[in-house]
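Please read the structure below before turning to the comments.
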Amino acid sequence: MSLIKRFERNHAGRDFAVGDIHGHFTLLQEALDRAGFDQARDRLFSVGDLVDRGPECEDVIRWLNKPWFHPVRGNHDDYVCRYDTCEIGNWMINGGSWFVGLPSLEQENYAVMFRDIPIGIEVETPNGLIGLVHADCVFDSWDELKRELGCASSQRRKLVMNTCMWSRTRIEQSDERPVQGLRALVVGHNPLRRPVVLGNVFHIDTMGWRPQDGGYFTLLDLHSLEASPPIPRKLEWEAA
């Protein structure tokens, strides 16, 4: 399986990206309905963290089977991939208890399905190439990331994958250096009160999975790079 999945231009409809979902698929569907999402023509790209913390984690299978839904792998999704070797205590603290009580065959089925989720996605749009990873691309260019993910050394490749799923360096340092080779890179992972743009990197995890704290799902149109609700002009970020 390629760790970067490519999608050609959508000539029929719109392409959207959404932040972390964390088992709140009903709220996500409500956000799509408000945006007039057309399942016959539009596509939805997810920056990952499909499960844990929310009440509808098992609905993920139904969503992964939707032909218009395309996620990258988040660090919480990677727990599922490594369920038999990961640090189980840390996973449970961070919302993984839904998985523990499943029959062993179901657990393995989830792991097989999640291992097919790519680390990154690239989407051709009318205005240029858009990249998506869960947390960050720490390299100067998208092409360099793709080369590193194709590295022959499994240890090096694993390190790069983990960085794509876990890094918070860019937003913690307010790093506005762009990722070359992309019109925009879209990421989640960092829970924010509002979307943030640093260079050409769009951070869109506005905590749709924490509605009790005012969180909401941001939908970013990948063709126009306009968001619903709109992205504020100020670039300062406020952590959750």
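Chain identifiers are assigned as A, B, and so on, following the order in which chains appear in the structure tokens; residues are numbered from 1 within each chain, and ligands are numbered from 1 in order of appearance.
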Neighbour list for stretch 87-100 of chain A as a PyMOL selection string, cut-off 12 Å, only C-alpha atoms, skip fewer than 3 positions in-chain: chain A and resi 22-23+49-59+75-84+103-111+209
Resulting file, chosen residues, C-alpha atoms, as a short mmCIF file (atom, residue, chain, number, x, y, z; two decimals), in the first residue's frame:
```cif
data_model
loop_
_atom_site.label_atom_id
_atom_site.label_comp_id
_atom_site.auth_asym_id
_atom_site.auth_seq_id
_atom_site.Cartn_x
_atom_site.Cartn_y
_atom_site.Cartn_z
CA HIS A 22 -13.20 11.26 17.33
CA GLY A 23 -16.36 9.19 17.08
CA ASP A 49 -8.39 10.68 14.36
CA LEU A 50 -11.62 9.02 13.35
CA VAL A 51 -12.12 7.20 16.66
CA ASP A 52 -11.66 7.39 20.46
CA ARG A 53 -13.34 9.79 22.91
CA GLY A 54 -16.73 9.94 21.18
CA PRO A 55 -19.85 7.74 21.44
CA GLU A 56 -20.00 6.51 17.82
CA CYS A 57 -16.57 4.98 17.23
CA GLU A 58 -18.01 1.78 15.79
CA ASP A 59 -19.78 3.82 13.10
CA ASN A 75 -2.33 8.95 15.91
CA HIS A 76 -5.55 7.58 17.45
CA ASP A 77 -6.24 5.55 14.30
CA ASP A 78 -2.70 4.22 14.54
CA TYR A 79 -3.48 2.85 18.01
CA VAL A 80 -6.03 0.60 16.29
CA CYS A 81 -3.41 -0.52 13.75
CA ARG A 82 -1.08 -1.46 16.63
CA TYR A 83 -3.69 -2.58 19.15
CA ASP A 84 -1.73 -5.68 20.14
CA PRO A 103 -14.35 -9.67 20.34
CA SER A 104 -10.83 -10.48 19.19
CA LEU A 105 -11.93 -11.14 15.62
CA GLU A 106 -13.60 -7.72 15.42
CA GLN A 107 -10.47 -6.10 16.81
CA GLU A 108 -8.37 -7.70 14.10
CA ASN A 109 -10.87 -6.67 11.43
CA TYR A 110 -10.65 -3.06 12.59
CA ALA A 111 -6.86 -3.23 12.53
CA TRP A 209 -15.72 16.28 19.00
#
```
Extract, using only C-alpha atoms, all DNA, RNA and protein residues at most 12 Å from A:Val160, discarding same-chain residues fewer than 4 positions from it, and format them as a list in words.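 Once the adjacent positions are removed, what remains is Leu3, Ile119, Gly120, Val133, Ala135, Asp136, Cys137, Val138, Phe139, Glu144, Leu145, Lys146, Arg147, Glu148, Leu149, Gly150, Cys151, Ser153, Ser154, Gln155, Arg156, Cys164, Met165, Trp166 and Ser167 of chain A.
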Which residues, written as a PDB file with N, CA and C atoms, in the first residue's frame, have at least one atom at most 7 Å from A:Pro178, with only C-alpha atoms counted and residues fewer than 6 positions away on the same chain left out?
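Final output, around_2.pdb:
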```pdb
ATOM      1  N   GLY A 199       1.839  30.075   7.348  1.00  0.00           N
ATOM      2  CA  GLY A 199       2.399  29.876   6.019  1.00  0.00           C
ATOM      3  C   GLY A 199       1.293  29.382   5.101  1.00  0.00           C
ATOM      4  N   ASN A 200       1.492  28.197   4.532  1.00  0.00           N
ATOM      5  CA  ASN A 200       0.426  27.583   3.729  1.00  0.00           C
ATOM      6  C   ASN A 200      -0.136  26.344   4.400  1.00  0.00           C
ATOM      7  N   VAL A 201       0.005  26.269   5.732  1.00  0.00           N
ATOM      8  CA  VAL A 201      -0.482  25.124   6.496  1.00  0.00           C
ATOM      9  C   VAL A 201      -1.748  25.532   7.250  1.00  0.00           C
TER      10      VAL A 201
END
```
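When only C-alpha atoms are used to measure the gap to A:Ile171, the shortest distance among A:Leu198, A:Val47, A:Ala152, A:Leu159 belongs to A:Leu198.
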Closest to A:Ala17 among A:Ser141, A:Thr218, A:Gln212, A:Gln173, using only C-alpha atoms?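 Looking only at the distances to A:Ala17, the closest residue turns out to be A:Thr218.
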Can you pull out the residues contacting A:His223? Cut-off 10 Å, using only C-alpha atoms, and skip same-chain residues under 2 positions away; I want them as a PyMOL selection string. chain A and resi 9-10+14-16+123-130+220-221+225-226
By how many Å are atom CA of A:Trp63 and atom CA of A:Arg183 apart?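 Going from atom CA of A:Trp63 over to atom CA of A:Arg183, I get 27.7 Å.
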If I take atom CA of A:Ala12 and atom CA of A:Arg43, how far is one from the other in Å, to one decimal?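 Result for atom CA of A:Ala12 versus atom CA of A:Arg43: 9.9 Å, one decimal.
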Run DSSP on the backbone and give me the residues of stretch 3-155 of chain A it puts in alpha helix (DSSP H), as a compact mmCIF listing (two decimals) with C-alpha atoms, in the first residue's frame.
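Result file follows (states07.txt):
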```
# COMPACT_ATOMS: atom_id res chain seq x y z
CA PHE A 25 -20.17 11.10 13.09
CA THR A 26 -23.71 12.39 13.70
CA LEU A 27 -22.37 15.89 14.37
CA LEU A 28 -20.15 15.61 11.30
CA GLN A 29 -23.14 14.67 9.15
CA GLU A 30 -25.03 17.69 10.51
CA ALA A 31 -22.13 19.94 9.46
CA LEU A 32 -22.15 18.39 5.99
CA ASP A 33 -25.90 18.92 5.71
CA ARG A 34 -25.50 22.60 6.59
CA VAL A 60 -16.35 4.34 11.54
CA ILE A 61 -16.74 1.17 9.48
CA ARG A 62 -19.84 2.54 7.80
CA TRP A 63 -18.02 5.79 7.01
CA LEU A 64 -14.93 4.06 5.66
CA ASN A 75 -2.33 8.95 15.91
CA HIS A 76 -5.55 7.58 17.45
CA ASP A 77 -6.24 5.55 14.30
CA ASP A 78 -2.70 4.22 14.54
CA TYR A 79 -3.48 2.85 18.01
CA VAL A 80 -6.03 0.60 16.29
CA CYS A 81 -3.41 -0.52 13.75
CA ILE A 88 -2.48 0.18 26.02
CA GLY A 89 -2.65 2.26 29.21
CA ASN A 90 -1.99 5.51 27.38
CA TRP A 91 -4.56 4.60 24.74
CA MET A 92 -7.22 3.90 27.37
CA ILE A 93 -6.58 7.24 29.06
CA SER A 97 -11.87 1.95 25.95
CA TRP A 98 -14.51 1.37 23.21
CA PHE A 99 -12.08 -1.03 21.54
CA VAL A 100 -11.14 -3.19 24.52
CA SER A 104 -10.83 -10.48 19.19
CA LEU A 105 -11.93 -11.14 15.62
CA GLU A 106 -13.60 -7.72 15.42
CA GLN A 107 -10.47 -6.10 16.81
CA GLU A 108 -8.37 -7.70 14.10
CA ASN A 109 -10.87 -6.67 11.43
CA TYR A 110 -10.65 -3.06 12.59
CA ALA A 111 -6.86 -3.23 12.53
CA VAL A 112 -6.80 -4.63 8.99
CA MET A 113 -9.13 -1.89 7.77
CA PHE A 114 -7.21 0.90 9.52
CA ARG A 115 -3.87 -0.28 8.18
CA TRP A 142 5.99 17.69 -0.01
CA ASP A 143 8.25 15.80 -2.42
CA GLU A 144 10.81 15.32 0.34
CA LEU A 145 8.13 13.85 2.60
CA LYS A 146 7.11 11.44 -0.14
CA ARG A 147 10.72 10.37 -0.66
CA GLU A 148 11.17 9.80 3.06
CA LEU A 149 8.00 7.71 3.30
CA SER A 154 11.71 0.52 7.88
CA GLN A 155 13.02 2.22 11.03
```
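Secondary structure from DSSP on the backbone puts strand (DSSP E or B) at the following positions of stretch 78-206 of chain A: Gly120, Ile121, Glu122, Val123, Glu124, Thr125, Gly128, Leu129, Ile130, Gly131, Leu132, Ser141, Gln180, Ala184, Leu185, Val186, Val187, Leu192, Val196, Val197, Leu198, Val201, Phe202 and His203 of chain A.
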Residues near A:Gly214, cut-off 9 Å, only C-alpha atoms, skip fewer than 6 positions along chain, as a ChimeraX atom specification: /A:193,207-208
Computed interatomic separation between atom CA of A:Phe37 and atom CA of A:Trp68 (Å):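 Computed distance, atom CA of A:Phe37 to atom CA of A:Trp68, equals 10.6 Å.
Residues within 7 Å of A:Phe202, counting only C-alpha atoms and excluding same-chain residues fewer than 4 positions away, are Leu185, Val186, Val187, Val196, Val197 and Leu198 of chain A.
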